[in-house]
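Engineer: CSV, C-alpha atoms (C1' of nucleotides), saved as query.csv, coming up:
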```
chain,number,residue,atom,x,y,z
Z,211,MET,CA,-0.2,-10.1,19.2
Z,212,ARG,CA,0.4,-11.9,22.4
Z,213,THR,CA,0.5,-10.3,25.8
Z,214,ILE,CA,3.3,-7.9,26.6
Z,215,PRO,CA,5.1,-10.2,29.1
Z,216,GLU,CA,5.1,-12.9,26.5
Z,217,LEU,CA,6.3,-10.5,23.8
Z,218,ILE,CA,9.2,-9.3,26.0
Z,219,GLU,CA,10.2,-12.9,26.5
Z,220,LYS,CA,10.1,-13.6,22.8
Z,221,ILE,CA,12.1,-10.5,22.0
Z,222,HIS,CA,14.7,-11.5,24.6
Z,223,ALA,CA,14.8,-15.1,23.2
Z,224,ARG,CA,15.7,-13.7,19.8
Z,225,GLY,CA,18.6,-11.6,21.2
Z,226,GLY,CA,16.6,-8.4,21.1
Z,227,LYS,CA,16.4,-5.6,23.6
Z,228,VAL,CA,13.3,-4.2,25.2
Z,229,THR,CA,13.8,-0.4,25.3
Z,230,PRO,CA,11.4,2.1,26.7
Z,231,GLN,CA,10.5,3.1,23.1
Z,232,ARG,CA,9.6,-0.5,22.2
Z,233,LEU,CA,7.6,-1.0,25.4
Z,234,ALA,CA,5.6,2.1,24.7
Z,235,ILE,CA,4.9,0.9,21.2
Z,236,TYR,CA,3.8,-2.5,22.5
Z,237,GLN,CA,1.5,-0.8,24.9
Z,238,ALA,CA,0.1,1.4,22.3
Z,239,LEU,CA,-0.7,-1.5,20.0
Z,240,GLU,CA,-2.2,-3.8,22.7
Z,241,ALA,CA,-5.8,-4.2,22.0
Z,242,ASP,CA,-5.9,-1.4,19.5
Z,243,THR,CA,-8.7,-2.3,17.2
Z,244,THR,CA,-8.5,0.9,15.1
Z,245,HIS,CA,-6.0,-0.5,12.6
Z,246,PRO,CA,-3.7,2.5,13.3
Z,247,THR,CA,-1.1,3.8,10.9
Z,248,ALA,CA,2.6,4.2,11.9
Z,249,GLU,CA,1.9,7.9,12.1
Z,250,ALA,CA,-1.0,7.4,14.5
Z,251,ILE,CA,1.1,5.2,16.8
Z,252,TYR,CA,3.9,7.7,16.6
Z,253,GLU,CA,1.6,10.6,17.6
Z,254,ARG,CA,0.2,8.6,20.5
Z,255,ILE,CA,3.6,7.7,21.9
Z,256,ARG,CA,4.9,11.2,21.5
Z,257,GLU,CA,2.5,12.3,24.2
Z,258,THR,CA,4.4,10.5,26.8
Z,259,MET,CA,7.8,10.2,25.1
Z,260,PRO,CA,8.3,13.3,23.0
Z,261,THR,CA,11.7,12.5,21.7
Z,262,VAL,CA,10.8,9.2,20.0
Z,263,SER,CA,11.4,9.2,16.2
Z,264,LEU,CA,9.1,8.0,13.5
Z,265,ALA,CA,11.9,5.8,12.2
Z,266,THR,CA,12.0,3.9,15.4
Z,267,VAL,CA,8.3,3.3,15.3
Z,268,TYR,CA,8.6,1.9,11.8
Z,269,LYS,CA,11.5,-0.3,12.8
Z,270,THR,CA,9.7,-1.7,15.8
Z,271,LEU,CA,6.5,-2.3,13.9
Z,272,ASN,CA,8.3,-4.1,11.1
Z,273,GLU,CA,10.1,-6.3,13.6
Z,274,LEU,CA,6.8,-7.3,15.1
Z,275,VAL,CA,5.5,-8.1,11.6
Z,276,ALA,CA,8.5,-10.2,10.8
Z,277,ILE,CA,8.1,-12.3,13.9
Z,278,GLY,CA,4.4,-12.8,13.2
Z,279,GLU,CA,3.1,-10.7,16.1
Z,280,LEU,CA,1.5,-8.0,14.0
Z,281,ARG,CA,-0.3,-7.9,10.7
Z,282,ARG,CA,0.6,-5.1,8.2
Z,283,PHE,CA,-1.6,-4.1,5.3
Z,284,ASP,CA,-1.9,-1.0,3.1
Z,285,ILE,CA,-4.9,1.0,2.3
Z,286,HIS,CA,-4.4,3.7,-0.4
Z,287,GLY,CA,-0.7,3.7,0.0
Z,288,VAL,CA,-0.6,4.0,3.7
Z,289,SER,CA,0.4,1.1,6.0
Z,290,HIS,CA,-2.0,0.0,8.8
Z,291,PHE,CA,-1.2,-2.3,11.6
Z,292,ASP,CA,-3.4,-4.8,13.4
Z,293,PRO,CA,-2.4,-6.7,16.5
Z,294,ARG,CA,-5.2,-9.2,15.8
Z,295,THR,CA,-3.5,-12.1,14.0
Z,296,ASP,CA,-6.3,-14.6,14.3
Z,297,PRO,CA,-8.8,-15.0,11.4
Z,298,HIS,CA,-11.4,-12.3,11.4
Z,299,ALA,CA,-13.3,-10.1,9.0
Z,300,GLU,CA,-13.0,-6.4,8.2
Z,301,VAL,CA,-14.8,-3.8,6.2
Z,302,VAL,CA,-13.0,-1.1,4.4
Z,303,CYS,CA,-14.8,2.1,3.3
Z,304,LEU,CA,-13.7,3.0,-0.2
Z,305,GLY,CA,-14.6,6.6,0.5
Z,306,CYS,CA,-12.8,7.4,3.7
Z,307,ASP,CA,-10.6,4.4,4.3
Z,308,VAL,CA,-12.0,3.7,7.7
Z,309,ILE,CA,-11.4,0.1,8.6
Z,310,MET,CA,-13.6,-1.8,11.1
Z,311,ASP,CA,-13.6,-5.3,12.4
Z,312,VAL,CA,-16.8,-7.1,11.9
Z,313,PHE,CA,-18.3,-10.2,13.4
Z,314,SER,CA,-17.5,-12.8,10.9
Z,315,PRO,CA,-20.7,-14.6,10.0
Z,316,ALA,CA,-19.0,-17.9,9.2
Z,317,ALA,CA,-15.8,-19.7,9.9
Z,318,VAL,CA,-13.8,-20.1,6.8
Z,319,PRO,CA,-11.8,-23.2,6.1
Z,320,ALA,CA,-8.3,-22.8,4.9
Z,321,PRO,CA,-7.8,-23.6,1.3
Z,322,SER,CA,-5.4,-26.3,0.2
Z,323,ILE,CA,-2.6,-24.7,-1.7
Z,324,PRO,CA,0.2,-27.3,-2.3
Z,325,GLY,CA,3.4,-26.1,-0.7
Z,326,PHE,CA,2.0,-22.9,0.6
Z,327,GLN,CA,2.1,-22.4,4.4
Z,328,ILE,CA,-0.9,-20.4,5.6
Z,329,VAL,CA,-0.2,-18.4,8.8
Z,330,GLY,CA,-3.2,-16.1,8.9
Z,331,GLN,CA,-6.3,-14.9,7.1
Z,332,THR,CA,-8.8,-12.1,6.9
Z,333,GLN,CA,-12.0,-11.6,5.1
Z,334,THR,CA,-12.2,-8.1,3.6
Z,335,PHE,CA,-15.4,-6.4,2.6
Z,336,TYR,CA,-15.3,-3.3,0.5
Z,337,GLY,CA,-18.0,-0.7,0.6
Z,338,TYR,CA,-19.2,2.7,1.6
Z,339,CYS,CA,-19.8,3.7,5.2
Z,340,PRO,CA,-23.0,5.7,6.0
Z,341,ASN,CA,-21.1,9.0,5.8
Z,342,CYS,CA,-19.5,8.3,2.4
Z,343,GLN,CA,-22.7,7.0,0.8
Z,344,ASN,CA,-24.0,10.5,1.0
Z,345,VAL,CA,-20.9,11.9,-0.7
Z,346,GLN,CA,-19.9,9.2,-3.2
Z,347,GLN,CA,-22.2,6.6,-4.5
Z,348,PRO,CA,-20.5,3.8,-6.3
Z,349,LEU,CA,-21.1,4.4,-10.0
Z,350,ASP,CA,-23.0,2.1,-12.3
W,337,MET,CA,-14.1,-6.2,-15.4
W,338,ARG,CA,-16.5,-6.7,-18.2
W,339,THR,CA,-15.6,-7.4,-21.8
W,340,ILE,CA,-13.8,-4.8,-23.8
W,341,PRO,CA,-16.8,-4.0,-26.1
W,342,GLU,CA,-19.0,-3.5,-23.0
W,343,LEU,CA,-16.3,-1.4,-21.4
W,344,ILE,CA,-16.0,0.8,-24.5
W,345,GLU,CA,-19.7,1.4,-24.4
W,346,LYS,CA,-19.6,2.3,-20.8
W,347,ILE,CA,-16.8,4.8,-21.3
W,348,HIS,CA,-18.6,6.4,-24.1
W,349,ALA,CA,-21.8,6.5,-22.1
W,350,ARG,CA,-19.9,8.5,-19.5
W,351,GLY,CA,-18.6,11.0,-22.0
W,352,GLY,CA,-15.2,9.5,-22.1
W,353,LYS,CA,-13.0,8.7,-25.1
W,354,VAL,CA,-11.4,5.4,-26.0
W,355,THR,CA,-7.9,6.2,-27.0
W,356,PRO,CA,-5.3,3.7,-28.3
W,357,GLN,CA,-3.6,3.9,-24.9
W,358,ARG,CA,-6.7,3.1,-23.0
W,359,LEU,CA,-7.6,0.2,-25.4
W,360,ALA,CA,-4.1,-1.2,-24.9
W,361,ILE,CA,-4.5,-1.0,-21.1
W,362,TYR,CA,-7.9,-2.7,-21.3
W,363,GLN,CA,-6.4,-5.5,-23.3
W,364,ALA,CA,-3.5,-5.9,-21.0
W,365,LEU,CA,-5.8,-6.2,-18.0
W,366,GLU,CA,-8.3,-8.5,-19.6
W,367,ALA,CA,-8.1,-11.9,-17.9
W,368,ASP,CA,-4.8,-11.0,-16.2
W,369,THR,CA,-4.9,-13.1,-13.0
W,370,THR,CA,-1.4,-12.0,-11.9
W,371,HIS,CA,-2.6,-8.9,-9.9
W,372,PRO,CA,-0.2,-6.7,-11.8
W,373,THR,CA,1.2,-3.4,-10.6
W,374,ALA,CA,0.8,-0.2,-12.6
W,375,GLU,CA,4.5,-0.6,-13.4
W,376,ALA,CA,4.0,-4.1,-14.8
W,377,ILE,CA,1.1,-3.0,-17.0
W,378,TYR,CA,3.2,0.0,-18.1
W,379,GLU,CA,6.1,-2.3,-19.1
W,380,ARG,CA,3.8,-4.6,-21.0
W,381,ILE,CA,2.2,-1.9,-23.0
W,382,ARG,CA,5.4,-0.2,-23.8
W,383,GLU,CA,6.4,-3.2,-25.9
W,384,THR,CA,3.9,-2.3,-28.5
W,385,MET,CA,3.4,1.4,-27.6
W,386,PRO,CA,6.8,2.8,-26.5
W,387,THR,CA,5.7,6.3,-26.0
W,388,VAL,CA,3.0,5.7,-23.5
W,389,SER,CA,3.6,7.3,-20.1
W,390,LEU,CA,3.2,5.8,-16.6
W,391,ALA,CA,1.0,8.7,-15.6
W,392,THR,CA,-1.5,7.8,-18.3
W,393,VAL,CA,-1.5,4.2,-17.1
W,394,TYR,CA,-2.3,5.4,-13.6
W,395,LYS,CA,-5.0,7.7,-14.7
W,396,THR,CA,-6.7,5.0,-16.8
W,397,LEU,CA,-6.5,2.4,-14.0
W,398,ASN,CA,-7.9,4.8,-11.5
W,399,GLU,CA,-10.8,5.6,-13.8
W,400,LEU,CA,-11.6,1.9,-14.0
W,401,VAL,CA,-11.4,1.6,-10.3
W,402,ALA,CA,-13.7,4.6,-9.9
W,403,ILE,CA,-16.4,3.1,-12.1
W,404,GLY,CA,-16.2,-0.2,-10.4
W,405,GLU,CA,-14.6,-2.2,-13.2
W,406,LEU,CA,-11.3,-2.8,-11.4
W,407,ARG,CA,-10.2,-3.5,-7.9
W,408,ARG,CA,-7.2,-1.8,-6.5
W,409,PHE,CA,-5.3,-2.9,-3.4
W,410,ASP,CA,-1.8,-2.2,-2.0
W,411,ILE,CA,0.8,-4.7,-0.8
W,412,HIS,CA,3.8,-3.2,0.9
W,413,GLY,CA,3.3,0.2,-0.5
W,414,VAL,CA,2.7,-0.9,-4.1
W,415,SER,CA,-0.7,-0.8,-5.8
W,416,HIS,CA,-1.9,-4.0,-7.5
W,417,PHE,CA,-4.9,-4.2,-9.8
W,418,ASP,CA,-7.4,-7.0,-10.3
W,419,PRO,CA,-10.0,-7.2,-13.1
W,420,ARG,CA,-11.9,-9.8,-11.0
W,421,THR,CA,-14.5,-7.9,-9.1
W,422,ASP,CA,-16.5,-10.8,-8.0
W,423,PRO,CA,-16.0,-12.4,-4.5
W,424,HIS,CA,-13.0,-14.6,-4.5
W,425,ALA,CA,-10.1,-15.7,-2.4
W,426,GLU,CA,-6.4,-14.9,-2.6
W,427,VAL,CA,-3.2,-15.9,-0.9
W,428,VAL,CA,-0.4,-13.4,-0.4
W,429,CYS,CA,3.2,-14.5,0.3
W,430,LEU,CA,4.6,-12.5,3.2
W,431,GLY,CA,8.1,-13.2,1.8
W,432,CYS,CA,7.9,-12.2,-1.8
W,433,ASP,CA,4.5,-10.5,-2.1
W,434,VAL,CA,3.3,-12.9,-4.8
W,435,ILE,CA,-0.5,-12.9,-5.0
W,436,MET,CA,-2.5,-15.8,-6.3
W,437,ASP,CA,-6.2,-16.5,-6.7
W,438,VAL,CA,-7.3,-19.6,-5.0
W,439,PHE,CA,-10.3,-21.7,-5.4
W,440,SER,CA,-12.5,-20.5,-2.5
W,441,PRO,CA,-13.6,-23.5,-0.5
W,442,ALA,CA,-16.8,-21.9,0.6
W,443,ALA,CA,-19.1,-19.1,-0.3
W,444,VAL,CA,-19.1,-16.5,2.4
W,445,PRO,CA,-22.2,-14.6,3.3
W,446,ALA,CA,-22.0,-10.8,3.6
W,447,PRO,CA,-22.1,-9.6,7.1
W,448,SER,CA,-24.8,-7.3,8.3
W,449,ILE,CA,-23.3,-3.9,9.1
W,450,PRO,CA,-26.0,-1.4,9.7
W,451,GLY,CA,-25.8,1.4,7.2
W,452,PHE,CA,-22.8,0.0,5.4
W,453,GLN,CA,-23.1,-0.7,1.7
W,454,ILE,CA,-21.0,-3.7,0.6
W,455,VAL,CA,-19.8,-3.6,-3.0
W,456,GLY,CA,-17.2,-6.3,-3.0
W,457,GLN,CA,-15.2,-8.8,-0.9
W,458,THR,CA,-12.2,-10.9,-0.9
W,459,GLN,CA,-10.9,-13.5,1.4
W,460,THR,CA,-7.2,-13.1,2.0
W,461,PHE,CA,-4.8,-15.8,3.2
W,462,TYR,CA,-1.3,-14.8,4.4
W,463,GLY,CA,1.5,-17.2,4.4
W,464,TYR,CA,4.8,-18.3,2.8
W,465,CYS,CA,5.1,-19.7,-0.7
W,466,PRO,CA,7.4,-22.7,-1.3
W,467,ASN,CA,10.3,-20.5,-2.3
W,468,CYS,CA,10.1,-18.3,0.7
W,469,GLN,CA,9.7,-21.1,3.2
W,470,ASN,CA,13.3,-21.9,2.5
W,471,VAL,CA,14.4,-18.4,3.1
W,472,GLN,CA,12.3,-17.1,5.9
W,473,GLN,CA,10.3,-19.3,8.1
W,474,PRO,CA,7.7,-17.5,10.1
W,475,LEU,CA,9.3,-17.3,13.5
W,476,ASP,CA,7.8,-18.9,16.6
P,1394,DG,C1',-14.4,22.3,-33.4
P,1395,DT,C1',-14.7,20.9,-28.7
P,1396,DC,C1',-13.6,18.7,-24.8
P,1397,DG,C1',-11.2,15.1,-23.0
P,1398,DC,C1',-6.7,12.7,-23.0
P,1399,DT,C1',-1.7,12.4,-23.3
P,1400,DG,C1',3.0,12.9,-21.9
P,1401,DC,C1',6.4,15.3,-19.4
P,1402,DA,C1',8.3,16.9,-15.4
P,1403,DA,C1',7.8,18.3,-10.9
P,1404,DA,C1',5.6,17.8,-6.5
P,1405,DG,C1',3.8,15.2,-2.6
P,1406,DG,C1',3.7,11.8,0.8
P,1407,DT,C1',5.2,7.5,3.0
P,1408,DT,C1',8.7,4.4,4.3
P,1409,DT,C1',13.5,3.0,4.4
P,1410,DT,C1',18.4,3.5,5.2
P,1411,DG,C1',23.1,5.0,6.9
P,1412,DC,C1',25.5,6.2,10.6
P,1413,DA,C1',27.3,8.2,15.0
P,1414,DA,C1',25.9,8.2,19.7
P,1415,DG,C1',23.5,6.0,23.4
P,1416,DT,C1',22.1,2.0,26.4
P,1417,DG,C1',20.1,-2.6,27.7
P,1418,DG,C1',21.4,-7.1,29.3
I,127,DC,C1',31.4,-4.2,27.7
I,128,DC,C1',29.3,-5.7,23.3
I,129,DA,C1',25.8,-5.8,20.4
I,130,DC,C1',21.6,-3.9,19.6
I,131,DT,C1',18.8,0.3,19.3
I,132,DT,C1',17.9,5.2,18.7
I,133,DG,C1',17.3,9.6,16.3
I,134,DC,C1',18.4,12.4,12.7
I,135,DA,C1',18.5,13.5,8.0
I,136,DA,C1',18.7,12.1,3.5
I,137,DA,C1',17.4,8.9,0.2
I,138,DA,C1',14.3,6.0,-2.2
I,139,DC,C1',9.9,5.0,-3.9
I,140,DC,C1',5.3,5.2,-5.6
I,141,DT,C1',1.6,8.0,-7.1
I,142,DT,C1',-0.6,12.3,-8.2
I,143,DT,C1',-0.8,16.8,-10.3
I,144,DG,C1',-0.4,20.9,-13.6
I,145,DC,C1',-0.3,22.1,-18.0
I,146,DA,C1',0.5,22.7,-23.1
I,147,DG,C1',-0.4,20.2,-27.1
I,148,DC,C1',-2.9,16.5,-29.4
I,149,DG,C1',-6.7,13.9,-31.1
I,150,DA,C1',-11.3,11.2,-30.6
I,151,DC,C1',-15.9,11.9,-31.8
```
Will you turn the file into structure tokens for me?

Structural biologist:
Amino acid sequence: MRTIPELIEKIHARGGKVTPQRLAIYQALEADTTHPTAEAIYERIRETMPTVSLATVYKTLNELVAIGELRRFDIHGVSHFDPRTDPHAEVVCLGCDVIMDVFSPAAVPAPSIPGFQIVGQTQTFYGYCPNCQNVQQPLD
Amino acid sequence: MRTIPELIEKIHARGGKVTPQRLAIYQALEADTTHPTAEAIYERIRETMPTVSLATVYKTLNELVAIGELRRFDIHGVSHFDPRTDPHAEVVCLGCDVIMDVFSPAAVPAPSIPGFQIVGQTQTFYGYCPNCQNVQQPLD
DNA sequence: GTCGCTGCAAAGGTTTTGCAAGTGG
DNA sequence: CCACTTGCAAAACCTTTGCAGCGAC
């Protein structure tokens, strides 16, 4: 996701409007590395804007995804959002669904897929975080 | 996912039973590189076993995931299943959700995350397939 | 014969949609 | 002012769950 002034300009250029709700959502997303769910963003925004609706949050997030400013992915049936759209690596805990950015050990060249236009990439590692190793060992 | 005879042995070793429904699901999954949804597997199995239920398909798939023989991931709120559990790369079309395995251009070393136990990994590329480039260009 | 599995139906949770009222540019 | 956006509520969807009957071993 780019900076908020740039984002505002981009929204305007597309004929969109920057409402207080949208601005609050942009600010909530900015530099949020926790891969929040729509619900999490909704709760955070409600602290300062109690009348906002979850539907509005979804609509705004989906718009950002559509214009390539936000990445959306699902973990166990729940959507998460990531303002980082550059290549990076993540680890997902199979036990508790926590998602963390990790320092990617290697740059990854884009594959050549004829006719396919690549706009982003992530490297995803699946495993068990320290907490969940105690509870649920992966079975053999 | 390992071969069906090996899978049967593993299920038995865990005290499980290999019913005709399960066997049909194992066979449907074997070497399926299309990253099918539960629904897709259900439809395929119904052709030869019309009385099977979607709940049974889910239960069986979830069991395979739990014992590490199947990978499960969600795209736009729908679960997909992949019998390939080795590290590999995939491309996901942001327009139509089609998922394809791609030949990974480089082996990727696992990152060092203290206390985190890595059990699998994929490299995911996001983009637009030839069909969807005509419909929805990623906006700039 | 036992214990696990199946199939049905209903529940549970997330995300989307329709629409009247509100408001940014 | 016009078009876009909001908020509400309902709908749509996928997935899980409870349970009685069935069947693998």

Engineer: Output chain Z as a compact mmCIF listing (two decimals) with C-alpha atoms, in the frame of the given file, after least-squares fitting it to chain W on all in-order C-alpha pairs.

Structural biologist:
```
# COMPACT_ATOMS: atom_id res chain seq x y z
CA MET Z 211 -14.05 -6.14 -15.29
CA ARG Z 212 -16.56 -6.62 -18.00
CA THR Z 213 -15.75 -7.35 -21.59
CA ILE Z 214 -14.00 -4.71 -23.64
CA PRO Z 215 -17.01 -3.88 -25.88
CA GLU Z 216 -19.07 -3.36 -22.79
CA LEU Z 217 -16.36 -1.26 -21.16
CA ILE Z 218 -16.08 0.99 -24.25
CA GLU Z 219 -19.81 1.51 -24.10
CA LYS Z 220 -19.69 2.40 -20.44
CA ILE Z 221 -16.81 4.79 -20.96
CA HIS Z 222 -18.71 6.46 -23.81
CA ALA Z 223 -21.91 6.66 -21.65
CA ARG Z 224 -19.96 8.60 -19.04
CA GLY Z 225 -18.65 11.14 -21.60
CA GLY Z 226 -15.25 9.52 -21.78
CA LYS Z 227 -13.04 8.85 -24.74
CA VAL Z 228 -11.58 5.55 -25.79
CA THR Z 229 -8.00 6.31 -26.94
CA PRO Z 230 -5.53 3.82 -28.24
CA GLN Z 231 -3.67 4.06 -24.89
CA ARG Z 232 -6.83 3.16 -22.94
CA LEU Z 233 -7.70 0.31 -25.30
CA ALA Z 234 -4.27 -1.16 -24.89
CA ILE Z 235 -4.58 -0.93 -21.14
CA TYR Z 236 -7.99 -2.63 -21.25
CA GLN Z 237 -6.52 -5.37 -23.32
CA ALA Z 238 -3.64 -5.79 -21.06
CA LEU Z 239 -5.84 -6.14 -18.00
CA GLU Z 240 -8.41 -8.53 -19.58
CA ALA Z 241 -8.13 -11.80 -17.91
CA ASP Z 242 -4.88 -10.96 -16.23
CA THR Z 243 -4.86 -13.06 -13.14
CA THR Z 244 -1.35 -12.02 -12.01
CA HIS Z 245 -2.54 -9.04 -9.96
CA PRO Z 246 -0.12 -6.79 -11.94
CA THR Z 247 1.27 -3.52 -10.67
CA ALA Z 248 0.91 -0.24 -12.65
CA GLU Z 249 4.54 -0.66 -13.56
CA ALA Z 250 3.97 -4.15 -14.94
CA ILE Z 251 1.06 -2.97 -17.10
CA TYR Z 252 3.11 -0.04 -18.24
CA GLU Z 253 6.03 -2.28 -19.29
CA ARG Z 254 3.69 -4.60 -21.16
CA ILE Z 255 2.03 -1.82 -23.12
CA ARG Z 256 5.31 -0.18 -23.93
CA GLU Z 257 6.15 -3.15 -26.11
CA THR Z 258 3.58 -2.21 -28.59
CA MET Z 259 3.16 1.49 -27.79
CA PRO Z 260 6.53 2.82 -26.71
CA THR Z 261 5.54 6.37 -26.17
CA VAL Z 262 2.84 5.72 -23.55
CA SER Z 263 3.56 7.37 -20.15
CA LEU Z 264 3.30 5.83 -16.74
CA ALA Z 265 1.04 8.70 -15.70
CA THR Z 266 -1.48 7.74 -18.26
CA VAL Z 267 -1.51 4.18 -17.07
CA TYR Z 268 -2.16 5.34 -13.54
CA LYS Z 269 -4.92 7.65 -14.68
CA THR Z 270 -6.65 4.97 -16.68
CA LEU Z 271 -6.36 2.40 -13.94
CA ASN Z 272 -7.77 4.76 -11.34
CA GLU Z 273 -10.69 5.60 -13.61
CA LEU Z 274 -11.49 1.94 -13.92
CA VAL Z 275 -11.34 1.62 -10.12
CA ALA Z 276 -13.63 4.54 -9.63
CA ILE Z 277 -16.26 3.11 -11.92
CA GLY Z 278 -16.06 -0.27 -10.19
CA GLU Z 279 -14.45 -2.16 -13.08
CA LEU Z 280 -11.17 -2.87 -11.37
CA ARG Z 281 -10.11 -3.65 -7.84
CA ARG Z 282 -7.01 -1.86 -6.42
CA PHE Z 283 -5.11 -3.06 -3.38
CA ASP Z 284 -1.60 -2.47 -2.00
CA ILE Z 285 0.94 -4.95 -0.98
CA HIS Z 286 4.05 -3.49 0.77
CA GLY Z 287 3.43 -0.07 -0.55
CA VAL Z 288 2.92 -0.99 -4.12
CA SER Z 289 -0.52 -0.92 -5.82
CA HIS Z 290 -1.83 -4.10 -7.55
CA PHE Z 291 -4.76 -4.31 -9.82
CA ASP Z 292 -7.24 -7.13 -10.33
CA PRO Z 293 -9.88 -7.20 -13.03
CA ARG Z 294 -11.74 -9.88 -11.05
CA THR Z 295 -14.41 -7.99 -9.09
CA ASP Z 296 -16.48 -10.95 -8.05
CA PRO Z 297 -15.89 -12.55 -4.60
CA HIS Z 298 -12.90 -14.82 -4.59
CA ALA Z 299 -9.99 -15.78 -2.39
CA GLU Z 300 -6.29 -14.96 -2.62
CA VAL Z 301 -3.09 -15.91 -0.92
CA VAL Z 302 -0.36 -13.46 -0.36
CA CYS Z 303 3.22 -14.61 0.35
CA LEU Z 304 4.68 -12.49 3.13
CA GLY Z 305 8.14 -13.26 1.83
CA CYS Z 306 7.97 -12.38 -1.82
CA ASP Z 307 4.63 -10.69 -2.22
CA VAL Z 308 3.43 -13.04 -4.87
CA ILE Z 309 -0.33 -13.02 -4.99
CA MET Z 310 -2.37 -15.98 -6.30
CA ASP Z 311 -6.03 -16.63 -6.67
CA VAL Z 312 -7.20 -19.70 -4.94
CA PHE Z 313 -10.30 -21.81 -5.21
CA SER Z 314 -12.40 -20.55 -2.44
CA PRO Z 315 -13.48 -23.50 -0.34
CA ALA Z 316 -16.75 -21.92 0.78
CA ALA Z 317 -19.10 -19.20 -0.26
CA VAL Z 318 -19.12 -16.45 2.23
CA PRO Z 319 -22.26 -14.59 3.13
CA ALA Z 320 -22.12 -10.87 3.26
CA PRO Z 321 -22.21 -9.44 6.69
CA SER Z 322 -24.93 -7.06 7.76
CA ILE Z 323 -23.39 -3.72 8.44
CA PRO Z 324 -26.18 -1.08 8.91
CA GLY Z 325 -25.82 1.62 6.31
CA PHE Z 326 -22.80 0.18 4.67
CA GLN Z 327 -23.14 -0.76 0.97
CA ILE Z 328 -21.02 -3.80 0.12
CA VAL Z 329 -19.87 -3.88 -3.54
CA GLY Z 330 -17.23 -6.58 -3.42
CA GLN Z 331 -15.24 -8.94 -1.24
CA THR Z 332 -12.13 -11.05 -1.09
CA GLN Z 333 -10.80 -13.56 1.29
CA THR Z 334 -7.08 -13.04 1.89
CA PHE Z 335 -4.76 -15.68 3.23
CA TYR Z 336 -1.33 -14.73 4.42
CA GLY Z 337 1.55 -17.13 4.38
CA TYR Z 338 4.80 -18.28 2.92
CA CYS Z 339 5.09 -19.79 -0.53
CA PRO Z 340 7.32 -22.92 -0.95
CA ASN Z 341 10.28 -20.77 -2.05
CA CYS Z 342 10.09 -18.34 0.89
CA GLN Z 343 9.63 -21.05 3.52
CA ASN Z 344 13.16 -22.07 2.81
CA VAL Z 345 14.43 -18.51 3.27
CA GLN Z 346 12.20 -17.07 6.01
CA GLN Z 347 10.30 -19.11 8.45
CA PRO Z 348 7.73 -17.21 10.38
CA LEU Z 349 9.18 -16.68 13.85
CA ASP Z 350 7.72 -18.04 17.05
```

Engineer: Once you count only C-alpha atoms (C1' of nucleotides), what closest atom pair and distance in Å to one decimal does each residue of chain P within 7 Å of chain W have, with rows by chain and rising residue number, as CSV?

Structural biologist:
```
residue,atom,partner,partner_atom,distance
P:DG1397,C1',W:Gly352,CA,6.9
P:DT1399,C1',W:Thr392,CA,6.8
P:DG1400,C1',W:Ser389,CA,5.9
```

Engineer: Within 12 Å of (7.9, -2.5, 13.6), in the coordinates the file gives, what residues turn up when you count all atoms listed in the file, written out as a PyMOL selection string?

Structural biologist: (chain Z and resi 231-233+235-236+239+247-248+251-252+264-282+289-293) or (chain P and resi 1408)

Engineer: Separation of CA of Tyr462 (chain W) and CA of Pro321 (chain Z), in Å?

Structural biologist: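 One can read the CA of Tyr462 (chain W) to CA of Pro321 (chain Z) distance as 11.4 Å.
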
Engineer: As a ChimeraX atom specification, please: the residues near Tyr338 (chain Z) (cut-off 8 Å, only C-alpha atoms (C1' of nucleotides), same-chain neighbours under 6 positions excluded).

Structural biologist: /Z:302-305,347 /W:452-455

Engineer: Please indicate the distance in Å from C1' of DA146 (chain I) to CA of Met385 (chain W), rounded to one decimal place.

Structural biologist: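 C1' of DA146 (chain I) sits 22.0 Å away from CA of Met385 (chain W).
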